[in-house]
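See below for upload.txt, which holds compact mmCIF, C-alpha atoms and all ligand atoms.
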```txt
# COMPACT_ATOMS: atom_id res chain seq x y z
CA MET A 1 69.81 29.24 -39.64
CA ALA A 2 70.57 25.63 -38.59
CA SER A 3 69.50 22.95 -41.06
CA PRO A 4 66.71 20.57 -40.06
CA ARG A 5 67.42 17.26 -38.33
CA LEU A 6 65.54 14.10 -37.53
CA LEU A 7 66.00 13.67 -33.76
CA ALA A 8 65.09 10.84 -31.38
CA VAL A 9 64.76 10.21 -27.66
CA SER A 10 63.06 7.56 -25.52
CA ASP A 11 62.48 6.49 -21.94
CA LEU A 12 61.87 10.00 -20.66
CA HIS A 13 60.13 8.58 -17.57
CA VAL A 14 58.84 12.02 -16.58
CA ARG A 15 57.49 10.74 -13.26
CA HIS A 16 60.99 11.60 -12.05
CA PRO A 17 61.19 15.39 -11.51
CA GLU A 18 64.78 15.58 -12.81
CA ASN A 19 63.69 13.95 -16.05
CA ARG A 20 60.70 16.25 -16.34
CA ALA A 21 63.05 19.23 -15.95
CA LEU A 22 65.22 17.88 -18.78
CA VAL A 23 62.18 17.52 -21.03
CA ASP A 24 61.19 21.10 -20.19
CA GLY A 25 64.62 22.13 -21.46
CA LEU A 26 64.44 20.21 -24.77
CA ARG A 27 64.37 22.59 -27.73
CA PRO A 28 64.78 22.06 -31.46
CA GLY A 29 67.89 23.50 -33.12
CA SER A 30 65.83 24.44 -36.18
CA PRO A 31 62.08 25.17 -36.53
CA ASP A 32 61.89 22.21 -38.95
CA ASP A 33 63.39 19.56 -36.61
CA TRP A 34 61.34 16.39 -36.11
CA LEU A 35 61.37 14.45 -32.84
CA LEU A 36 60.84 10.69 -32.56
CA VAL A 37 59.73 9.65 -29.06
CA ALA A 38 60.36 5.91 -28.75
CA GLY A 39 58.22 4.98 -25.73
CA ASP A 40 58.27 5.02 -21.94
CA VAL A 41 57.29 8.68 -21.61
CA ALA A 42 55.32 7.87 -18.43
CA GLU A 43 52.81 5.44 -16.93
CA ARG A 44 49.86 7.79 -16.47
CA VAL A 45 48.00 8.80 -19.62
CA GLY A 46 47.76 12.39 -18.34
CA ASP A 47 51.57 12.61 -17.99
CA VAL A 48 52.09 11.13 -21.47
CA ALA A 49 49.64 13.64 -22.97
CA ALA A 50 51.12 16.66 -21.16
CA THR A 51 54.67 15.74 -22.21
CA LEU A 52 53.78 15.10 -25.84
CA ALA A 53 51.76 18.34 -25.94
CA THR A 54 54.82 20.30 -24.77
CA LEU A 55 57.06 18.65 -27.35
CA ARG A 56 54.50 19.11 -30.13
CA GLU A 57 54.50 22.86 -29.50
CA ARG A 58 58.25 22.96 -30.11
CA PHE A 59 59.02 20.45 -32.84
CA ALA A 60 57.68 20.57 -36.41
CA THR A 61 56.63 16.91 -36.25
CA VAL A 62 56.46 14.60 -33.25
CA VAL A 63 56.18 10.83 -33.71
CA TRP A 64 55.38 8.57 -30.73
CA VAL A 65 55.46 4.82 -30.27
CA PRO A 66 54.33 3.14 -27.04
CA GLY A 67 56.71 1.62 -24.54
CA ASN A 68 55.74 -0.94 -21.94
CA HIS A 69 55.29 1.75 -19.27
CA GLU A 70 52.53 3.57 -21.20
CA LEU A 71 50.75 0.21 -21.41
CA TRP A 72 50.83 -0.50 -17.68
CA THR A 73 47.44 -0.33 -15.96
CA ARG A 74 48.01 1.00 -12.47
CA THR A 75 45.43 1.77 -9.80
CA LYS A 76 46.87 5.31 -9.43
CA ASP A 77 45.90 6.20 -13.01
CA PRO A 78 42.33 7.47 -13.51
CA VAL A 79 42.51 5.80 -16.95
CA ALA A 80 41.89 2.15 -16.08
CA LEU A 81 41.94 0.81 -19.66
CA ARG A 82 43.92 -2.35 -20.32
CA GLY A 83 45.90 -3.75 -23.23
CA GLU A 84 44.79 -2.93 -26.77
CA HIS A 85 42.06 -0.61 -25.42
CA ARG A 86 44.67 1.39 -23.53
CA TYR A 87 46.88 1.58 -26.62
CA ARG A 88 43.97 2.77 -28.82
CA HIS A 89 43.11 5.42 -26.23
CA LEU A 90 46.72 6.69 -26.27
CA VAL A 91 46.54 6.84 -30.08
CA ASP A 92 43.37 8.96 -29.80
CA VAL A 93 45.13 11.27 -27.33
CA CYS A 94 48.03 11.65 -29.80
CA ARG A 95 45.62 12.43 -32.66
CA GLN A 96 44.10 15.26 -30.63
CA LEU A 97 47.61 16.64 -30.07
CA GLY A 98 48.72 16.25 -33.69
CA VAL A 99 51.32 13.63 -32.71
CA LEU A 100 51.86 10.76 -35.17
CA THR A 101 51.61 7.12 -34.03
CA PRO A 102 52.02 3.62 -35.51
CA GLU A 103 48.37 3.88 -36.61
CA ASP A 104 48.99 6.79 -39.01
CA PRO A 105 50.34 6.75 -42.57
CA PHE A 106 54.15 6.65 -42.40
CA PRO A 107 55.55 10.18 -42.91
CA THR A 108 58.57 10.80 -45.15
CA TRP A 109 61.58 12.74 -43.91
CA THR A 110 62.73 14.88 -46.82
CA GLY A 111 65.30 16.94 -44.91
CA PRO A 112 69.08 16.38 -44.85
CA GLY A 113 69.91 12.66 -44.97
CA GLY A 114 66.52 11.87 -46.57
CA PRO A 115 64.33 10.95 -48.21
CA ALA A 116 63.41 8.18 -45.77
CA VAL A 117 60.10 6.76 -44.67
CA VAL A 118 59.78 7.11 -40.90
CA ALA A 119 58.03 3.96 -39.67
CA PRO A 120 56.78 4.14 -36.07
CA LEU A 121 56.22 0.55 -34.93
CA PHE A 122 54.54 -1.08 -31.96
CA LEU A 123 55.77 -4.67 -32.01
CA LEU A 124 55.96 -5.72 -28.34
CA TYR A 125 57.78 -8.99 -27.49
CA ASP A 126 57.05 -12.68 -27.51
CA TYR A 127 59.59 -14.31 -25.17
CA SER A 128 61.71 -15.53 -28.09
CA PHE A 129 64.94 -13.83 -26.90
CA LEU A 130 65.71 -16.93 -24.84
CA PRO A 131 68.30 -17.12 -22.06
CA ASP A 132 71.27 -19.32 -22.98
CA GLY A 133 70.65 -22.98 -22.23
CA THR A 134 66.88 -22.80 -22.82
CA SER A 135 65.03 -23.72 -26.02
CA THR A 136 61.37 -22.70 -25.49
CA SER A 137 59.62 -19.65 -24.05
CA ALA A 138 58.31 -21.77 -21.17
CA GLU A 139 61.83 -22.94 -20.34
CA GLY A 140 63.16 -19.40 -20.70
CA LEU A 141 60.52 -17.93 -18.40
CA ALA A 142 61.07 -20.69 -15.84
CA ALA A 143 64.81 -19.88 -15.84
CA ALA A 144 64.06 -16.17 -15.41
CA TYR A 145 61.69 -16.77 -12.48
CA ARG A 146 64.30 -19.04 -10.89
CA ALA A 147 66.90 -16.27 -11.28
CA GLY A 148 64.48 -13.79 -9.71
CA VAL A 149 64.26 -11.73 -12.92
CA VAL A 150 60.62 -10.95 -13.71
CA CYS A 151 59.59 -7.85 -15.66
CA THR A 152 56.79 -5.82 -14.02
CA ASP A 153 54.92 -6.18 -17.33
CA GLU A 154 53.88 -9.63 -16.13
CA TYR A 155 51.64 -7.93 -13.55
CA LEU A 156 50.70 -4.63 -15.20
CA LEU A 157 50.85 -4.97 -19.01
CA HIS A 158 47.64 -6.79 -19.87
CA PRO A 159 47.16 -8.27 -23.34
CA ASP A 160 43.34 -7.85 -23.52
CA PRO A 161 41.60 -8.81 -25.73
CA TRP A 162 44.44 -11.05 -26.97
CA PRO A 163 44.99 -14.36 -25.16
CA ASP A 164 48.55 -13.34 -24.25
CA ARG A 165 51.29 -10.84 -25.01
CA ALA A 166 52.93 -13.18 -27.56
CA ALA A 167 49.70 -13.37 -29.59
CA TRP A 168 49.39 -9.57 -29.51
CA CYS A 169 53.01 -9.31 -30.66
CA ALA A 170 52.41 -11.76 -33.55
CA ALA A 171 49.46 -9.70 -34.78
CA ARG A 172 51.41 -6.44 -34.54
CA VAL A 173 54.40 -7.90 -36.37
CA ALA A 174 52.26 -9.33 -39.20
CA ALA A 175 50.45 -6.02 -39.77
CA ALA A 176 53.65 -3.94 -39.69
CA GLU A 177 55.43 -6.33 -42.04
CA GLN A 178 52.69 -5.90 -44.62
CA ARG A 179 52.81 -2.11 -44.41
CA LEU A 180 56.61 -1.98 -44.63
CA ALA A 181 56.58 -4.24 -47.69
CA GLY A 182 54.81 -1.41 -49.51
CA CYS A 183 57.63 1.10 -48.88
CA ASP A 184 60.05 1.79 -51.73
CA LEU A 185 62.29 4.34 -50.00
CA PRO A 186 64.89 3.72 -47.30
CA THR A 187 63.28 3.56 -43.86
CA VAL A 188 63.90 4.73 -40.33
CA LEU A 189 62.43 1.96 -38.15
CA VAL A 190 61.27 3.20 -34.73
CA ASN A 191 60.21 0.73 -32.03
CA HIS A 192 60.46 0.81 -28.23
CA TRP A 193 61.99 -2.68 -28.10
CA PRO A 194 65.14 -3.56 -30.07
CA LEU A 195 64.51 -5.30 -33.41
CA THR A 196 67.45 -7.67 -33.06
CA ARG A 197 68.92 -9.74 -30.26
CA LEU A 198 72.40 -8.19 -30.33
CA PRO A 199 71.71 -5.09 -28.18
CA THR A 200 70.40 -7.29 -25.35
CA ARG A 201 73.69 -9.18 -25.06
CA VAL A 202 75.04 -6.54 -22.68
CA LEU A 203 72.14 -6.73 -20.21
CA ARG A 204 73.32 -7.14 -16.63
CA ARG A 205 70.54 -9.73 -16.15
CA PRO A 206 70.51 -11.74 -19.40
CA GLU A 207 67.10 -13.29 -18.57
CA PHE A 208 65.51 -9.84 -18.96
CA ALA A 209 65.94 -10.19 -22.75
CA LEU A 210 62.71 -12.25 -22.74
CA TRP A 211 60.81 -8.94 -22.35
CA CYS A 212 62.90 -7.08 -24.96
CA GLY A 213 61.74 -8.08 -28.44
CA THR A 214 61.04 -10.84 -30.92
CA THR A 215 63.21 -12.91 -33.25
CA ARG A 216 60.56 -12.32 -35.96
CA THR A 217 62.15 -8.94 -36.80
CA ALA A 218 65.77 -10.14 -37.00
CA ASP A 219 66.21 -9.23 -40.69
CA TRP A 220 63.91 -6.22 -40.97
CA HIS A 221 66.78 -3.71 -41.07
CA VAL A 222 67.99 -5.40 -44.28
CA ARG A 223 64.61 -6.32 -45.80
CA PHE A 224 63.21 -2.84 -45.34
CA ARG A 225 66.42 -0.95 -46.29
CA ALA A 226 66.79 0.81 -42.94
CA ALA A 227 68.85 4.01 -42.97
CA ALA A 228 68.74 3.66 -39.16
CA VAL A 229 66.91 1.68 -36.48
CA VAL A 230 65.80 3.65 -33.40
CA TYR A 231 64.84 1.93 -30.14
CA GLY A 232 64.99 2.33 -26.36
CA HIS A 233 63.77 0.22 -23.42
CA LEU A 234 67.23 -1.07 -22.40
CA HIS A 235 68.31 2.23 -20.84
CA ILE A 236 71.74 1.63 -22.39
CA PRO A 237 72.18 4.54 -24.84
CA ARG A 238 74.64 3.57 -27.57
CA VAL A 239 75.13 2.93 -31.27
CA THR A 240 75.71 -0.56 -32.71
CA TRP A 241 76.04 -1.72 -36.31
CA GLU A 242 74.59 -4.80 -37.99
CA ASP A 243 74.87 -5.50 -41.73
CA GLY A 244 76.07 -1.92 -42.21
CA VAL A 245 72.91 -0.51 -40.54
CA ARG A 246 73.10 1.86 -37.58
CA PHE A 247 71.04 0.82 -34.53
CA VAL A 248 70.61 3.61 -32.01
CA GLU A 249 69.43 3.17 -28.42
CA VAL A 250 68.13 6.67 -27.63
CA SER A 251 66.98 6.34 -24.01
CA LEU A 252 67.35 8.89 -21.27
CA GLY A 253 66.56 6.38 -18.48
CA TYR A 254 66.15 6.92 -14.75
CA PRO A 255 68.11 9.63 -12.90
CA ARG A 256 69.94 6.94 -10.90
CA GLU A 257 71.17 5.56 -14.25
CA TRP A 258 72.13 8.77 -16.06
CA ARG A 259 73.54 10.63 -13.05
CA PRO A 260 76.69 8.48 -12.71
CA ARG A 261 77.33 8.04 -16.46
CA GLY A 262 76.25 11.49 -17.61
CA LEU A 263 73.44 12.49 -19.95
CA PRO A 264 73.31 11.11 -23.50
CA ASP A 265 75.30 13.48 -25.71
CA PRO A 266 73.66 14.86 -27.74
CA LEU A 267 70.20 14.76 -26.17
CA PRO A 268 68.14 14.09 -28.25
CA HIS A 269 70.13 11.85 -30.61
CA VAL A 270 70.57 12.98 -34.24
CA VAL A 271 69.27 10.18 -36.49
CA LEU A 272 69.49 12.07 -39.81
CA PRO A 273 71.58 13.41 -41.34
CA ALA A 274 74.02 10.64 -40.38
CA ARG A 275 77.34 11.99 -39.19
FE FE A 301 62.20 2.67 -19.92
FE FE A 302 60.60 0.05 -21.60
```
Would you mind giving the structure from this file in structure tokens?
Ligand SMILES: [Fe+2]
Ligand SMILES: [Fe+2]
Amino acid sequence: MASPRLLAVSDLHVRHPENRALVDGLRPGSPDDWLLVAGDVAERVGDVAATLATLRERFATVVWVPGNHELWTRTKDPVALRGEHRYRHLVDVCRQLGVLTPEDPFPTWTGPGGPAVVAPLFLLYDYSFLPDGTSTSAEGLAAAYRAGVVCTDEYLLHPDPWPDRAAWCAARVAAAEQRLAGCDLPTVLVNHWPLTRLPTRVLRRPEFALWCGTTRTADWHVRFRAAAVVYGHLHIPRVTWEDGVRFVEVSLGYPREWRPRGLPDPLPHVVLPAR
């Protein structure tokens, strides 16, 4: 019998039939494997629910955090909720499925490589990952618009009832910080967007970093004793190290991205035990 593992994947984007087929083929190696799903499952709530339901039937524990795509409000989706209301609805859907979210008590992984508190986070971004040569969010955004780099979130990810996405991010960061301060064990930090700036340095369009995180979390991997940091969003699956902590980008990405480079190996990524 294989020993249990803490696994992670993100950016399944199941709207693409090839990705959906890959998800249909995902199986645990042990009945006690956990799966972390780090956002961008799909845009439509129905697709998110169906995918998480399938995974929940197979894995002992499934933990989900939202990506920007789940938070998009599109006319094609019968669920027209926006912003925080959309997020809370997705949390309710997860609760019905028995899938854990950032709104639940943090579970503790006690299998090989543990114990570690698994902390699903929804932190968003606040335009503080500035393009070189700019010193404020306004300057950064102006440079991005000039370069023709504008994330679709600007049109589809609404911050309601917050005044803007940066204010929503600030509230999320403050609440998560308080909860993490109460953890004594090592942590596995799970967020759709990277927690530090470093992973964004390889973006083909550097201006896109504005939509990729917040400088407020730059030291969280040290402060909260991270055994690993799990994120996605960049669609650049890889492992980087900062201050001796492993940062893992666990995305699948779009078929046009993974076809030429090959699928992430292994899929899903093994977070614990560390190899
Ligand atoms: Fe994505
Ligand atoms: Fe994303």
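Distances from A:Leu36, A:Cys151, A:Ala166, A:Leu189 to ligand FE 301 (chain A) were compared using all atoms listed in the file, and the smallest one belongs to A:Cys151.
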List every residue of stretch 81-193 of chain A that has an atom at most 8 Å from any atom of stretch 39-57 of chain A, and for each one report the closest atom pair and its distance in Å to one decimal, counting all atoms listed in the file, with rows sorted by chain and then by increasing residue number, as a Markdown table.
```
| residue | atom | partner | partner_atom | distance |
| --- | --- | --- | --- | --- |
| A:Leu90 | CA | A:Val45 | CA | 7.1 |
| A:Val93 | CA | A:Ala49 | CA | 6.7 |
| A:Cys94 | CA | A:Ala49 | CA | 7.3 |
| A:Leu97 | CA | A:Ala53 | CA | 6.1 |
| A:Gly98 | CA | A:Arg56 | CA | 7.4 |
| A:Val99 | CA | A:Arg56 | CA | 6.8 |
| A:Asn191 | CA | A:Gly39 | CA | 7.9 |
| A:His192 | CA | A:Gly39 | CA | 5.4 |
```
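For the residues A:Ala209, A:His13, A:Leu263, A:Trp193, ranking by smallest atom-to-atom distance to ligand FE 301 (chain A) using only C-alpha atoms and all ligand atoms places A:His13 first.
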TODO: Write out as an NGL selection string which residues come within 7 Å of A:Pro255 when counting all atoms listed in the file, dropping same-chain ones fewer than 3 positions away.
DONE: :A and (18-19 or 258-259)
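Neighbours of ligand FE 301 (chain A) at a cut-off of 9 Å, computed so that all atoms listed in the file are counted, are the residues Ser10, Asp11, Leu12, His13, Gly39, Asp40, Val41, Ala42, Gly67, Asn68, His69, His192, Gly232, His233, Leu234, His235, Ser251, Leu252, Gly253 and Tyr254 of chain A.
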- [ ] Rounded to one decimal place, report the atom CA of A:Gly113-atom CA of A:Arg179 distance in Å.
- [x] 22.6 Å
Output as a compact mmCIF listing (two decimals), in the frame of the given file: stretch 249-265 of chain A, completed with N, CA, C and O atoms.
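Saved to out_19.txt:
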```txt
# COMPACT_ATOMS: atom_id res chain seq x y z
N GLU A 249 70.22 3.21 -29.65
CA GLU A 249 69.43 3.17 -28.42
C GLU A 249 69.41 4.60 -27.90
O GLU A 249 70.46 5.16 -27.59
N VAL A 250 68.23 5.22 -27.85
CA VAL A 250 68.13 6.67 -27.63
C VAL A 250 67.57 7.03 -26.25
O VAL A 250 67.05 8.12 -26.05
N SER A 251 67.66 6.10 -25.28
CA SER A 251 66.98 6.34 -24.01
C SER A 251 67.68 7.38 -23.14
O SER A 251 68.90 7.54 -23.18
N LEU A 252 66.84 8.07 -22.36
CA LEU A 252 67.35 8.89 -21.27
C LEU A 252 67.54 7.99 -20.04
O LEU A 252 68.62 7.90 -19.49
N GLY A 253 66.48 7.30 -19.64
CA GLY A 253 66.56 6.38 -18.48
C GLY A 253 66.30 7.09 -17.17
O GLY A 253 65.95 8.27 -17.13
N TYR A 254 66.44 6.37 -16.08
CA TYR A 254 66.15 6.92 -14.75
C TYR A 254 67.32 7.78 -14.28
O TYR A 254 68.47 7.51 -14.62
N PRO A 255 67.03 8.79 -13.43
CA PRO A 255 68.11 9.63 -12.90
C PRO A 255 69.24 8.82 -12.25
O PRO A 255 70.42 9.14 -12.42
N ARG A 256 68.89 7.73 -11.54
CA ARG A 256 69.94 6.94 -10.90
C ARG A 256 70.85 6.25 -11.93
O ARG A 256 71.95 5.84 -11.62
N GLU A 257 70.35 6.13 -13.17
CA GLU A 257 71.17 5.56 -14.25
C GLU A 257 72.00 6.63 -14.94
O GLU A 257 73.19 6.42 -15.21
N TRP A 258 71.37 7.77 -15.28
CA TRP A 258 72.13 8.77 -16.06
C TRP A 258 73.02 9.66 -15.20
O TRP A 258 73.99 10.21 -15.70
N ARG A 259 72.71 9.77 -13.90
CA ARG A 259 73.54 10.63 -13.05
C ARG A 259 75.00 10.17 -13.05
O ARG A 259 75.89 10.97 -13.34
N PRO A 260 75.27 8.89 -12.74
CA PRO A 260 76.69 8.48 -12.71
C PRO A 260 77.38 8.47 -14.08
O PRO A 260 78.57 8.75 -14.16
N ARG A 261 76.65 8.16 -15.16
CA ARG A 261 77.33 8.04 -16.46
C ARG A 261 77.25 9.32 -17.29
O ARG A 261 77.91 9.44 -18.32
N GLY A 262 76.43 10.27 -16.85
CA GLY A 262 76.25 11.49 -17.61
C GLY A 262 75.09 11.36 -18.58
O GLY A 262 74.68 10.24 -18.92
N LEU A 263 74.57 12.50 -19.04
CA LEU A 263 73.44 12.49 -19.95
C LEU A 263 73.89 12.03 -21.34
O LEU A 263 75.05 12.22 -21.71
N PRO A 264 72.97 11.42 -22.11
CA PRO A 264 73.31 11.11 -23.50
C PRO A 264 73.75 12.39 -24.21
O PRO A 264 73.16 13.45 -23.99
N ASP A 265 74.78 12.29 -25.03
CA ASP A 265 75.30 13.48 -25.71
C ASP A 265 75.40 13.16 -27.20
O ASP A 265 76.18 12.29 -27.57
```
